[in-house]
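Here is input-v2.txt, consisting of compact mmCIF, C-alpha atoms and all ligand atoms:
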```txt
# COMPACT_ATOMS: atom_id res chain seq x y z
CA MET A 1 203.65 138.77 149.40
CA SER A 2 200.64 140.67 148.16
CA LYS A 3 197.41 140.72 150.09
CA ARG A 4 195.75 139.00 147.17
CA THR A 5 198.31 136.20 147.26
CA ARG A 6 197.85 135.72 150.97
CA ILE A 7 194.10 135.51 150.56
CA THR A 8 194.48 132.96 147.79
CA ILE A 9 196.76 130.81 149.91
CA THR A 10 194.49 131.07 152.91
CA ALA A 11 191.51 130.07 150.81
CA ALA A 12 193.42 127.09 149.50
CA MET A 13 194.27 126.05 153.04
CA ALA A 14 190.66 126.35 154.06
CA LEU A 15 189.57 124.26 151.11
CA ALA A 16 192.05 121.60 152.07
CA LEU A 17 190.65 121.69 155.57
CA CYS A 18 187.20 121.28 154.21
CA ALA A 19 188.30 118.33 152.14
CA SER A 20 189.38 116.63 155.30
CA LEU A 21 186.04 117.12 157.00
CA VAL A 22 183.06 114.78 157.33
CA ALA A 23 180.41 114.05 159.93
CA ALA A 24 177.89 111.66 161.45
CA LEU A 25 174.86 111.51 163.71
CA THR A 26 173.22 109.09 166.06
CA LEU A 27 169.56 109.34 165.35
CA ALA A 28 167.70 107.93 168.29
CA GLN A 29 164.04 107.38 167.68
CA ALA A 30 161.87 109.61 169.83
CA PRO A 31 159.39 107.61 171.88
CA GLY A 32 155.79 107.69 170.81
CA ALA A 33 152.99 108.69 173.15
CA SER A 34 151.61 105.88 175.24
CA ALA A 35 149.25 105.36 178.14
CA ALA A 36 152.25 105.15 180.48
CA VAL A 37 153.49 108.70 179.86
CA SER A 38 152.24 111.90 181.43
CA PRO A 39 149.90 114.20 179.49
CA ALA A 40 152.72 116.74 179.13
CA ARG A 41 155.10 114.10 177.83
CA ALA A 42 152.43 112.78 175.50
CA ALA A 43 151.80 116.28 174.16
CA SER A 44 155.52 116.79 173.63
CA SER A 45 155.81 113.49 171.83
CA ALA A 46 152.81 114.33 169.69
CA SER A 47 154.44 117.63 168.78
CA ALA A 48 157.69 115.90 167.89
CA ALA A 49 155.78 113.36 165.84
CA ALA A 50 154.04 116.17 163.97
CA ALA A 51 157.43 117.72 163.18
CA ARG A 52 158.73 114.40 161.91
CA SER A 53 155.67 113.96 159.73
CA VAL A 54 156.57 117.25 158.05
CA ALA A 55 160.24 116.33 157.74
CA PRO A 56 160.64 112.55 158.02
CA ARG A 57 163.99 110.96 158.70
CA PRO A 58 165.67 110.15 155.38
CA PRO A 59 167.58 106.89 154.92
CA ILE A 60 170.96 107.22 156.62
CA VAL A 61 173.88 104.79 156.43
CA GLN A 62 176.01 104.72 159.57
CA LYS A 63 179.73 104.53 158.81
CA TYR A 64 181.34 105.76 161.99
CA ILE A 65 184.89 107.06 161.98
CA ALA A 66 187.22 106.29 164.89
CA PHE A 67 186.37 108.63 167.76
CA GLY A 68 187.75 106.95 170.86
CA ALA A 69 188.91 108.25 174.21
CA SER A 70 191.99 110.08 172.93
CA ARG A 71 190.10 111.85 170.13
CA LYS A 72 187.34 112.82 172.58
CA ALA A 73 189.98 114.30 174.89
CA GLN A 74 191.52 116.17 171.94
CA MET A 75 188.10 117.57 171.00
CA ALA A 76 187.46 118.66 174.57
CA ASP A 77 190.83 120.42 174.71
CA TYR A 78 190.17 122.05 171.31
CA SER A 79 186.79 123.24 172.60
CA GLN A 80 188.44 124.68 175.69
CA ARG A 81 190.96 126.65 173.62
CA HIS A 82 188.50 127.92 171.04
CA TYR A 83 185.14 128.08 172.86
CA HIS A 84 186.09 128.04 176.57
CA GLN A 85 184.08 124.86 176.99
CA HIS A 86 185.94 121.71 178.01
CA THR A 87 183.75 119.09 176.35
CA TYR A 88 183.55 117.02 173.18
CA LEU A 89 179.77 116.87 173.41
CA LEU A 90 177.40 118.74 171.12
CA THR A 91 174.49 119.28 173.46
CA ASP A 92 172.32 121.91 171.76
CA PRO A 93 172.94 122.09 167.98
CA LYS A 94 171.28 125.15 166.48
CA ALA A 95 173.08 125.61 163.16
CA ILE A 96 174.10 123.61 160.08
CA VAL A 97 177.22 124.32 158.01
CA LEU A 98 177.35 123.22 154.35
CA HIS A 99 180.65 121.99 152.88
CA HIS A 100 182.01 120.19 149.84
CA THR A 101 184.62 117.45 150.05
CA ASP A 102 186.95 118.54 147.23
CA GLY A 103 187.12 114.88 146.19
CA ALA A 104 185.29 112.64 143.76
CA ASP A 105 184.03 109.98 146.17
CA TRP A 106 182.75 109.67 149.72
CA GLN A 107 185.31 107.06 150.78
CA SER A 108 188.31 109.35 150.33
CA ALA A 109 186.68 111.97 152.54
CA TRP A 110 185.75 109.32 155.11
CA ASN A 111 189.35 108.05 155.14
CA THR A 112 190.65 111.56 155.77
CA PHE A 113 188.24 112.13 158.63
CA ASN A 114 188.92 108.73 160.11
CA ALA A 115 192.70 109.27 160.12
CA ASN A 116 192.59 111.99 162.80
CA THR A 117 195.63 113.69 161.34
CA ALA A 118 196.61 116.95 163.04
CA TYR A 119 195.48 119.90 160.97
CA VAL A 120 197.65 122.97 160.51
CA PHE A 121 195.94 126.37 160.30
CA ASN A 122 197.76 129.70 160.46
CA GLY A 123 200.93 127.80 161.26
CA LYS A 124 199.43 126.11 164.30
CA SER A 125 199.11 122.31 164.33
CA GLU A 126 196.16 121.01 166.30
CA LYS A 127 194.25 117.85 166.99
CA PRO A 128 191.71 116.39 166.63
CA GLY A 129 191.78 115.99 162.89
CA VAL A 130 188.93 117.36 160.87
CA SER A 131 185.62 115.55 160.48
CA ALA A 132 181.92 116.23 159.99
CA GLN A 133 178.72 114.55 161.06
CA PHE A 134 177.53 113.69 157.52
CA ILE A 135 178.66 113.07 153.95
CA VAL A 136 176.09 113.23 151.13
CA ASP A 137 177.30 111.25 148.11
CA LYS A 138 176.53 112.10 144.50
CA ASP A 139 174.03 109.23 144.28
CA GLY A 140 172.06 110.58 147.24
CA THR A 141 173.41 108.21 149.87
CA ILE A 142 173.67 109.92 153.26
CA TYR A 143 176.51 108.67 155.48
CA GLN A 144 176.58 109.43 159.19
CA LEU A 145 180.14 109.50 160.53
CA MET A 146 179.72 110.29 164.21
CA PRO A 147 177.10 110.21 166.94
CA LEU A 148 174.93 113.32 166.76
CA ASP A 149 175.96 114.46 170.20
CA TYR A 150 179.68 114.56 169.35
CA ARG A 151 181.38 117.75 168.17
CA ALA A 152 183.12 117.53 164.80
CA ARG A 153 185.95 119.84 163.79
CA HIS A 154 184.50 121.09 160.51
CA CYS A 155 184.21 124.89 160.72
CA ILE A 156 186.11 127.48 162.73
CA GLY A 157 183.85 129.18 165.25
CA MET A 158 180.90 126.85 164.72
CA ASN A 159 181.87 123.40 165.99
CA TRP A 160 180.37 124.05 169.43
CA LYS A 161 176.89 124.67 168.01
CA SER A 162 176.53 123.08 164.58
CA PHE A 163 176.38 119.99 162.44
CA GLY A 164 178.65 119.78 159.40
CA ILE A 165 177.37 118.30 156.14
CA GLU A 166 179.87 117.48 153.40
CA PHE A 167 178.68 117.12 149.81
CA VAL A 168 180.90 115.01 147.57
CA GLN A 169 182.31 117.17 144.77
CA GLU A 170 185.71 117.40 143.13
CA SER A 171 187.10 120.68 141.84
CA ALA A 172 188.25 119.51 138.40
CA GLY A 173 190.19 122.76 138.24
CA HIS A 174 187.14 124.94 138.82
CA SER A 175 186.19 127.40 141.55
CA GLY A 176 184.44 126.62 144.80
CA ARG A 177 181.30 128.32 143.54
CA TRP A 178 181.28 126.15 140.42
CA MET A 179 181.62 123.07 142.63
CA ASP A 180 178.59 124.02 144.74
CA GLN A 181 176.58 124.77 141.62
CA GLN A 182 177.26 121.19 140.42
CA ILE A 183 175.84 119.93 143.72
CA LEU A 184 172.77 122.17 143.43
CA ASN A 185 172.14 120.82 139.92
CA ARG A 186 172.57 117.13 140.77
CA PRO A 187 169.02 116.02 141.71
CA LYS A 188 169.72 112.88 143.76
CA GLN A 189 172.45 114.52 145.81
CA ILE A 190 170.77 117.84 146.47
CA ASP A 191 167.41 116.23 147.23
CA ALA A 192 169.07 113.99 149.81
CA GLY A 193 170.87 116.95 151.33
CA LEU A 194 167.67 118.97 151.54
CA ARG A 195 165.82 116.06 153.16
CA LEU A 196 168.61 115.66 155.70
CA VAL A 197 168.64 119.37 156.56
CA ARG A 198 164.84 119.51 156.85
CA TYR A 199 164.93 116.53 159.20
CA LEU A 200 167.65 118.06 161.38
CA GLN A 201 165.81 121.39 161.43
CA ALA A 202 162.61 119.72 162.62
CA ARG A 203 164.31 117.51 165.17
CA PHE A 204 166.55 120.17 166.73
CA GLY A 205 164.60 123.36 166.04
CA ILE A 206 167.17 124.84 163.65
CA ARG A 207 166.07 127.94 161.71
CA THR A 208 166.65 128.23 157.98
CA ALA A 209 168.61 131.45 158.65
CA ASP A 210 171.03 129.29 160.65
CA VAL A 211 171.77 126.98 157.72
CA VAL A 212 175.02 128.58 156.57
CA GLY A 213 177.93 127.86 154.26
CA HIS A 214 181.54 127.35 155.30
CA ALA A 215 182.32 130.53 153.36
CA THR A 216 179.57 132.51 155.16
CA ALA A 217 180.04 131.08 158.66
CA ASN A 218 182.00 134.05 160.04
CA SER A 219 178.79 136.08 159.98
CA SER A 220 176.66 133.46 161.75
CA ARG A 221 175.10 134.65 164.98
CA TYR A 222 176.61 131.55 166.60
CA PHE A 223 180.18 132.18 165.41
CA LYS A 224 182.75 132.52 168.19
CA ASP A 225 186.44 131.71 168.55
CA TYR A 226 188.44 132.94 171.50
CA THR A 227 191.79 132.53 169.70
CA GLY A 228 190.75 135.10 167.11
CA ILE A 229 190.92 132.91 164.00
CA ARG A 230 188.36 133.19 161.20
CA ASN A 231 187.32 130.99 158.30
CA ALA A 232 188.74 131.69 154.86
CA ALA A 233 186.86 128.90 153.15
CA GLY A 234 186.02 128.46 149.49
CA ASP A 235 182.87 126.36 149.87
CA TRP A 236 179.27 127.58 149.91
CA PHE A 237 179.31 131.34 149.40
CA ALA A 238 176.17 133.42 149.91
CA PRO A 239 174.53 132.95 146.46
CA GLU A 240 174.69 129.16 146.65
CA VAL A 241 173.58 129.14 150.30
CA ALA A 242 170.61 131.30 149.29
CA ALA A 243 169.75 128.84 146.53
CA PHE A 244 169.93 125.96 149.00
CA ARG A 245 167.77 127.74 151.61
CA SER A 246 165.15 128.65 149.01
CA ARG A 247 164.49 124.95 148.45
CA LEU A 248 164.05 124.03 152.12
ZN ZN B 301 184.10 123.41 154.25
```

Could I get this structure in the form of structure tokens?
Amino acid sequence: MSKRTRITITAAMALALCASLVAALTLAQAPGASAAVSPARAASSASAAAARSVAPRPPIVQKYIAFGASRKAQMADYSQRHYHQHTYLLTDPKAIVLHHTDGADWQSAWNTFNANTAYVFNGKSEKPGVSAQFIVDKDGTIYQLMPLDYRARHCIGMNWKSFGIEFVQESAGHSGRWMDQQILNRPKQIDAGLRLVRYLQARFGIRTADVVGHATANSSRYFKDYTGIRNAAGDWFAPEVAAFRSRL
């Protein structure tokens, strides 16, 4: 098998993985300053409020996938193998990974993520199944699939530190780059995605340089995987990520 063939197959596998990813967040409202809080707390709240005024929370529809005790245990075990951290919790998110669903509607992606089907990569079958914190539909609807402090399995090397955002887009026989260009040129969808990313950046202190694509994630400063695997994804290469960042 030629190297080129292997790369093509690996990319196809990664795309299939991506198609089975989605995510969700629990967006607790930060408390406002009041007479009962300390000056320091009040100052912190005022600062957070200022950040939110710059990047307000967009409308978000909560459609949680199943993520019960067994899936939490699977995510903790996955995190132990890949990150040497035995936890399913996402405690300090500092990056965002952009994806596309490789399907024409949000429900099919949600169904895949909800199913918790073991995913095979490099011949190794692992649980939990893939998921992501958010799906952004073509009409601009933002779906949250999981609490924001849960880790989703959406991107090799990044699940310990990042949110995953899936944009609905089918391939229609075209390349991954073409698919992302459709998203960038679909005003309702891209505007919703930008609003969501701006909000997450403000709330969690995420730098624009740390908004990456699935296809660029291997070079993220937060990338790590102790089993040695790397992404070979076909969604959100550098030119489209640059176009996205330029609009933040
Ligand atoms: Zn992806």

At most 6 Å from ligand ZN 301 (chain B) (only C-alpha atoms and all ligand atoms): residue list as a ChimeraX atom specification: /A:18,99-100,214,235

Point-to-point distance from CA of Glu240 in chain A to CA of Ala217 in chain A, Å rounded to tenths: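 These two atoms are separated by 13.3 Å.
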
Neighbouring residues of range 161-174 of chain A were defined as those with any atom within 7 Å, considering only C-alpha atoms; residues of the same chain fewer than 3 positions away were excluded. Please report them as an mmCIF file with C-alpha atoms, keeping the file's coordinate frame.
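What follows is the written file part.cif:
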```
data_model
loop_
_atom_site.group_PDB
_atom_site.id
_atom_site.type_symbol
_atom_site.label_atom_id
_atom_site.label_comp_id
_atom_site.auth_asym_id
_atom_site.auth_seq_id
_atom_site.Cartn_x
_atom_site.Cartn_y
_atom_site.Cartn_z
ATOM 1 C CA VAL A 22 183.060 114.780 157.330
ATOM 2 C CA ALA A 23 180.410 114.050 159.930
ATOM 3 C CA LEU A 90 177.400 118.740 171.120
ATOM 4 C CA ASP A 92 172.320 121.910 171.760
ATOM 5 C CA PRO A 93 172.940 122.090 167.980
ATOM 6 C CA LYS A 94 171.280 125.150 166.480
ATOM 7 C CA ALA A 95 173.080 125.610 163.160
ATOM 8 C CA ILE A 96 174.100 123.610 160.080
ATOM 9 C CA VAL A 97 177.220 124.320 158.010
ATOM 10 C CA LEU A 98 177.350 123.220 154.350
ATOM 11 C CA HIS A 99 180.650 121.990 152.880
ATOM 12 C CA HIS A 100 182.010 120.190 149.840
ATOM 13 C CA THR A 101 184.620 117.450 150.050
ATOM 14 C CA ASP A 102 186.950 118.540 147.230
ATOM 15 C CA GLY A 103 187.120 114.880 146.190
ATOM 16 C CA ALA A 104 185.290 112.640 143.760
ATOM 17 C CA ASP A 105 184.030 109.980 146.170
ATOM 18 C CA TRP A 106 182.750 109.670 149.720
ATOM 19 C CA ALA A 132 181.920 116.230 159.990
ATOM 20 C CA GLN A 133 178.720 114.550 161.060
ATOM 21 C CA PHE A 134 177.530 113.690 157.520
ATOM 22 C CA ILE A 135 178.660 113.070 153.950
ATOM 23 C CA VAL A 136 176.090 113.230 151.130
ATOM 24 C CA ASP A 137 177.300 111.250 148.110
ATOM 25 C CA LYS A 138 176.530 112.100 144.500
ATOM 26 C CA HIS A 154 184.500 121.090 160.510
ATOM 27 C CA MET A 158 180.900 126.850 164.720
ATOM 28 C CA TRP A 178 181.280 126.150 140.420
ATOM 29 C CA MET A 179 181.620 123.070 142.630
#
```

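Nearest to Arg245 in chain A of all the residues A:Arg151, A:Gln62, A:Leu196, A:Ala209 is A:Ala209, counting only C-alpha atoms.
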
Within 8 Å of Tyr119 in chain A using only C-alpha atoms, minus same-chain residues under 5 positions, as a list in words: Leu17, Ser125, Glu126, Lys127, Pro128, Gly129 and Val130 of chain A

Within 8 Å of Thr112 in chain A using all atoms listed in the file, minus same-chain residues under 2 positions, as a PyMOL selection string: chain A and resi 20-21+108-110+114-117+130-131

Residues from the last selection, C-alpha atoms, saved as an mmCIF file, keeping the file's coordinate frame:
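Heads up, here's the output in result-v9.cif:
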```cif
data_model
loop_
_atom_site.group_PDB
_atom_site.id
_atom_site.type_symbol
_atom_site.label_atom_id
_atom_site.label_comp_id
_atom_site.auth_asym_id
_atom_site.auth_seq_id
_atom_site.Cartn_x
_atom_site.Cartn_y
_atom_site.Cartn_z
ATOM 1 C CA SER A 20 189.380 116.630 155.300
ATOM 2 C CA LEU A 21 186.040 117.120 157.000
ATOM 3 C CA SER A 108 188.310 109.350 150.330
ATOM 4 C CA ALA A 109 186.680 111.970 152.540
ATOM 5 C CA TRP A 110 185.750 109.320 155.110
ATOM 6 C CA ASN A 114 188.920 108.730 160.110
ATOM 7 C CA ALA A 115 192.700 109.270 160.120
ATOM 8 C CA ASN A 116 192.590 111.990 162.800
ATOM 9 C CA THR A 117 195.630 113.690 161.340
ATOM 10 C CA VAL A 130 188.930 117.360 160.870
ATOM 11 C CA SER A 131 185.620 115.550 160.480
#
```

Option closest in space to Asp180 in chain A, from A:Ala118, A:Gly123, A:Ala76, A:Trp236 [counting all atoms listed in the file]: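 Distance minimum relative to Asp180 in chain A lands on A:Trp236.
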
Point-to-point distance from CA of Pro58 in chain A to CA of Thr87 in chain A, Å rounded to tenths: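 Taking CA of Pro58 in chain A and CA of Thr87 in chain A, their separation equals 29.1 Å.
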
Nearest to Lys72 in chain A, chosen from A:Tyr88, A:Tyr199, A:Phe113, A:Phe237, with only C-alpha atoms counted in the distances: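 Among the listed residues, the smallest separation from Lys72 in chain A belongs to A:Tyr88.
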
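Going from CA of Phe67 in chain A to CA of Gln80 in chain A covers 18.0 Å.
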
Nearest to Leu248 in chain A by atom-to-atom distance, counting only C-alpha atoms, from A:Leu200, A:Ala215, A:Ala233, A:Leu145: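 Of all the options, A:Leu200 lies closest to Leu248 in chain A.
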
Pick from A:Arg81, A:Arg207, A:Lys224, A:Arg57 nearest to Arg195 in chain A, counting only C-alpha atoms: A:Arg57

Within 12 Å of Ile229 in chain A using all atoms listed in the file, minus same-chain residues under 6 positions, as a PyMOL selection string: chain A and resi 10+14+81-83+121-124+155-158+218+223

Protein/DNA/RNA residues near (174.7, 103.9, 157.5), cut 8 Å, all atoms listed in the file, as a count of residues only: 7
